[in-house]
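**Student:** Sharing query08.txt (compact mmCIF, C-alpha atoms) below.
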```
# COMPACT_ATOMS: atom_id res chain seq x y z
CA MET C 1 10.35 -0.52 -2.18
CA ALA C 2 9.80 2.97 -0.88
CA TYR C 3 8.81 4.10 2.60
CA ASP C 4 7.28 7.51 3.32
CA PRO C 5 7.41 8.65 6.99
CA ASP C 6 4.07 10.48 6.52
CA PHE C 7 2.51 7.17 5.51
CA GLY C 8 4.08 5.64 8.64
CA GLU C 9 2.28 8.26 10.74
CA TRP C 10 -1.00 7.41 9.02
CA VAL C 11 -0.41 3.69 9.71
CA GLN C 12 0.28 4.40 13.40
CA GLU C 13 -2.98 6.37 13.66
CA HIS C 14 -5.07 3.97 11.54
CA PHE C 15 -3.93 0.94 13.57
CA ALA C 16 -3.95 2.78 16.92
CA ALA C 17 -5.92 -0.04 18.60
CA LEU C 18 -2.87 -2.29 18.13
CA HIS C 19 -0.41 -0.04 19.95
CA PRO C 20 2.37 -0.30 20.62
CA LEU C 21 3.46 -0.78 17.02
CA GLU C 22 6.97 -0.46 15.70
CA ILE C 23 8.03 0.49 12.19
CA LYS C 24 11.51 -0.56 11.08
CA ARG C 25 12.99 0.52 7.77
CA MET C 26 14.23 -2.25 5.51
CA PHE C 27 15.26 -2.44 1.85
CA GLY C 28 13.79 1.00 1.15
CA GLY C 29 10.39 0.01 2.60
CA ALA C 30 9.53 -0.82 6.18
CA GLY C 31 8.34 -3.66 8.36
CA LEU C 32 5.40 -3.23 10.73
CA TYR C 33 5.82 -5.04 14.05
CA SER C 34 3.58 -5.91 16.98
CA GLY C 35 5.01 -7.68 20.00
CA GLY C 36 8.31 -8.16 18.19
CA LEU C 37 6.66 -9.97 15.25
CA MET C 38 6.66 -8.50 11.77
CA PHE C 39 3.14 -8.83 10.42
CA ALA C 40 3.12 -6.34 7.54
CA LEU C 41 5.28 -4.50 5.02
CA LEU C 42 4.88 -0.83 4.17
CA ASP C 43 5.78 0.09 0.61
CA ASP C 44 4.74 2.93 -1.69
CA GLY C 45 1.69 3.79 0.40
CA VAL C 46 0.46 0.20 0.64
CA VAL C 47 0.08 -1.93 3.76
CA TRP C 48 0.98 -5.52 2.80
CA LEU C 49 -0.35 -8.01 5.37
CA LYS C 50 1.34 -11.34 6.09
CA ALA C 51 -0.97 -14.19 5.06
CA ASP C 52 -1.10 -17.97 4.98
CA GLU C 53 -3.27 -20.65 3.37
CA THR C 54 -6.16 -19.71 5.67
CA SER C 55 -6.10 -15.92 5.45
CA ALA C 56 -4.94 -15.46 1.82
CA PRO C 57 -8.27 -16.66 0.32
CA LEU C 58 -10.14 -14.21 2.58
CA LEU C 59 -7.91 -11.36 1.44
CA ILE C 60 -8.38 -12.35 -2.21
CA GLU C 61 -12.14 -12.37 -1.70
CA ALA C 62 -11.89 -8.86 -0.21
CA GLY C 63 -10.08 -7.63 -3.34
CA SER C 64 -6.47 -7.72 -2.13
CA ARG C 65 -3.54 -8.29 -4.43
CA GLN C 66 -0.38 -10.25 -3.70
CA PHE C 67 2.99 -8.56 -3.16
CA THR C 68 5.26 -9.25 -6.13
CA TYR C 69 8.60 -7.92 -7.25
CA PRO C 70 10.81 -8.32 -10.33
CA THR C 71 14.07 -10.26 -10.09
CA ASN C 72 17.30 -9.44 -11.90
CA ASP C 73 16.66 -12.18 -14.46
CA GLY C 74 13.27 -10.78 -15.47
CA GLN C 75 11.17 -13.17 -13.41
CA THR C 76 8.43 -12.06 -11.03
CA MET C 77 8.59 -13.33 -7.47
CA SER C 78 5.69 -13.28 -5.04
CA MET C 79 5.65 -13.20 -1.27
CA ALA C 80 3.05 -14.24 1.30
CA TYR C 81 1.91 -10.64 1.77
CA TRP C 82 -1.38 -9.22 0.50
CA SER C 83 -2.57 -5.62 0.28
CA LEU C 84 -4.88 -4.26 2.94
CA PRO C 85 -8.36 -4.38 1.37
CA GLU C 86 -9.45 -1.04 -0.08
CA SER C 87 -12.51 -0.94 2.20
CA ALA C 88 -10.20 -1.03 5.24
CA MET C 89 -8.29 2.06 4.12
CA ASP C 90 -11.14 4.25 5.40
CA ASP C 91 -12.22 2.00 8.27
CA PRO C 92 -9.73 1.64 11.14
CA ASP C 93 -11.85 -1.07 12.82
CA GLU C 94 -11.78 -3.21 9.67
CA ALA C 95 -8.06 -2.51 9.20
CA VAL C 96 -7.33 -3.62 12.77
CA ALA C 97 -9.37 -6.82 12.26
CA TRP C 98 -7.30 -7.68 9.16
CA ALA C 99 -4.08 -6.79 11.00
CA ARG C 100 -5.01 -9.08 13.91
CA GLN C 101 -5.39 -11.96 11.45
CA SER C 102 -1.96 -11.11 10.08
CA ILE C 103 -0.45 -10.95 13.57
CA ASN C 104 -1.88 -14.43 14.23
CA VAL C 105 -0.25 -15.69 11.02
CA ALA C 106 3.10 -14.24 12.14
CA LEU C 107 2.67 -15.84 15.57
CA ARG C 108 1.86 -19.27 14.08
CA LYS C 109 4.86 -19.05 11.75
CA ALA C 110 7.18 -18.00 14.60
CA THR C 111 5.90 -20.81 16.82
CA ALA C 112 6.40 -23.37 14.06
CA LYS C 113 10.03 -22.24 13.59
CA ARG C 114 11.05 -22.64 17.23
CA PRO C 115 13.32 -25.64 17.68
CA ARG C 116 12.13 -28.29 20.07
CA LYS C 117 14.34 -29.10 23.03
CA ALA C 118 15.83 -32.54 23.00
CA LYS C 119 14.52 -34.93 25.63
CA LEU C 120 17.20 -36.23 27.96
```
Starting from the coordinates I provided, produce the structure as structure tokens.
**Tutor:**
Amino acid sequence: MAYDPDFGEWVQEHFAALHPLEIKRMFGGAGLYSGGLMFALLDDGVVWLKADETSAPLLIEAGSRQFTYPTNDGQTMSMAYWSLPESAMDDPDEAVAWARQSINVALRKATAKRPRKAKL
């Protein structure tokens, strides 16, 4: 993974309707956060949006590709992140719409992880 601060500036401008956003470096790339939830990865000039079983088919239909990486044993691993559709690279409104879907995925996943309090 590689993160370019100039790309981070572009992301902040392109997704301005979602402010405040936070970019945190991680593993050479960066995580993109809204409201404390990571909803995208930034790597080598690509915005990788968090997806689930509902949003992934929509991203595939829009021409997105899945985030993959090689492992030490020669395998290829994939993650539940998909590239921002090419058409959204020049259209901030479309990019924000995709990002909002991704933020909703992150919110659903975070809500599902919260432990339930025991009834007394």
**Student:** Separation of atom CA of Ala110 of chain C and atom CA of Trp48 of chain C, in Å?
**Tutor:** 18.3 Å
**Student:** Just checking: using only C-alpha atoms, which residue out of C:Tyr3, C:Trp10, C:Phe15, C:Trp98 ends up closest to Gly29 of chain C?
**Tutor:**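 Checking each candidate against Gly29 of chain C, we get C:Tyr3 as the closest.
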**Student:** If you measure from atom CA of Ala51 of chain C to atom CA of Val105 of chain C, what distance in Å do you get, rounded to one decimal?
**Tutor:**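 Taking atom CA of Ala51 of chain C and atom CA of Val105 of chain C, their separation equals 6.2 Å.
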**Student:** Would you work out the distance separating atom CA of Leu49 of chain C from atom CA of Pro20 of chain C, expressed in Å to one decimal?
**Tutor:**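 A separation of 17.3 Å between them.
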**Student:** Smallest atom-to-atom distance to Ile103 of chain C: which of C:Phe39, C:Phe27, C:Phe7, C:Tyr33, using all atoms listed in the file?
**Tutor:**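 The answer is C:Phe39, which sits nearest to Ile103 of chain C.
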**Student:** Within 9 Å of (6.0, 2.7, 7.9) (coordinates as in the file), grab all the protein and nucleic acid residues, counting all atoms listed in the file, and write them out as a JSON list (two decimals) with C-alpha atoms, in the coordinates of the input.
**Tutor:**
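Listing of selection.json after writing:
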```json
[["chain", "number", "residue", "atom", "x", "y", "z"],
["C", 3, "TYR", "CA", 8.81, 4.10, 2.60],
["C", 4, "ASP", "CA", 7.28, 7.51, 3.32],
["C", 5, "PRO", "CA", 7.41, 8.65, 6.99],
["C", 6, "ASP", "CA", 4.07, 10.48, 6.52],
["C", 7, "PHE", "CA", 2.51, 7.17, 5.51],
["C", 8, "GLY", "CA", 4.08, 5.64, 8.64],
["C", 9, "GLU", "CA", 2.28, 8.26, 10.74],
["C", 10, "TRP", "CA", -1.00, 7.41, 9.02],
["C", 11, "VAL", "CA", -0.41, 3.69, 9.71],
["C", 12, "GLN", "CA", 0.28, 4.40, 13.40],
["C", 22, "GLU", "CA", 6.97, -0.46, 15.70],
["C", 23, "ILE", "CA", 8.03, 0.49, 12.19],
["C", 24, "LYS", "CA", 11.51, -0.56, 11.08],
["C", 25, "ARG", "CA", 12.99, 0.52, 7.77],
["C", 29, "GLY", "CA", 10.39, 0.01, 2.60],
["C", 30, "ALA", "CA", 9.53, -0.82, 6.18],
["C", 31, "GLY", "CA", 8.34, -3.66, 8.36],
["C", 32, "LEU", "CA", 5.40, -3.23, 10.73],
["C", 41, "LEU", "CA", 5.28, -4.50, 5.02],
["C", 42, "LEU", "CA", 4.88, -0.83, 4.17],
["C", 43, "ASP", "CA", 5.78, 0.09, 0.61],
["C", 45, "GLY", "CA", 1.69, 3.79, 0.40],
["C", 47, "VAL", "CA", 0.08, -1.93, 3.76]]
```
**Student:** With distances taken over only C-alpha atoms, which residue among C:Ala80, C:Glu13, C:Ala2, C:Asp91 lies nearest Thr54 of chain C?
**Tutor:**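 Smallest separation from Thr54 of chain C among the options: C:Ala80.
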**Student:** Applying 12 Å and all atoms listed in the file, which residues near Ile60 of chain C remain after dropping the ones on its own chain fewer than 2 positions away? List them as an MDAnalysis selection string.
**Tutor:** chainID C and resid 49 51:58 62:66 81:86
**Student:** Give me a file of those residues, with C-alpha atoms, as a PDB file, in the coordinates of the input.
**Tutor:**
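File selection-v3.pdb, as written:
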```pdb
ATOM      1  CA  LEU C  49      -0.350  -8.010   5.370  1.00  0.00           C
ATOM      2  CA  ALA C  51      -0.970 -14.190   5.060  1.00  0.00           C
ATOM      3  CA  ASP C  52      -1.100 -17.970   4.980  1.00  0.00           C
ATOM      4  CA  GLU C  53      -3.270 -20.650   3.370  1.00  0.00           C
ATOM      5  CA  THR C  54      -6.160 -19.710   5.670  1.00  0.00           C
ATOM      6  CA  SER C  55      -6.100 -15.920   5.450  1.00  0.00           C
ATOM      7  CA  ALA C  56      -4.940 -15.460   1.820  1.00  0.00           C
ATOM      8  CA  PRO C  57      -8.270 -16.660   0.320  1.00  0.00           C
ATOM      9  CA  LEU C  58     -10.140 -14.210   2.580  1.00  0.00           C
ATOM     10  CA  ALA C  62     -11.890  -8.860  -0.210  1.00  0.00           C
ATOM     11  CA  GLY C  63     -10.080  -7.630  -3.340  1.00  0.00           C
ATOM     12  CA  SER C  64      -6.470  -7.720  -2.130  1.00  0.00           C
ATOM     13  CA  ARG C  65      -3.540  -8.290  -4.430  1.00  0.00           C
ATOM     14  CA  GLN C  66      -0.380 -10.250  -3.700  1.00  0.00           C
ATOM     15  CA  TYR C  81       1.910 -10.640   1.770  1.00  0.00           C
ATOM     16  CA  TRP C  82      -1.380  -9.220   0.500  1.00  0.00           C
ATOM     17  CA  SER C  83      -2.570  -5.620   0.280  1.00  0.00           C
ATOM     18  CA  LEU C  84      -4.880  -4.260   2.940  1.00  0.00           C
ATOM     19  CA  PRO C  85      -8.360  -4.380   1.370  1.00  0.00           C
ATOM     20  CA  GLU C  86      -9.450  -1.040  -0.080  1.00  0.00           C
TER      21      GLU C  86
END
```
**Student:** For each of C:Leu21, C:Met26, C:Leu59, C:Ala40, take the minimum atom-to-atom distance to Ala88 of chain C, counting only C-alpha atoms, then give the residue where this is smallest.
**Tutor:**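 So, comparing all the options, the nearest one is C:Leu59.
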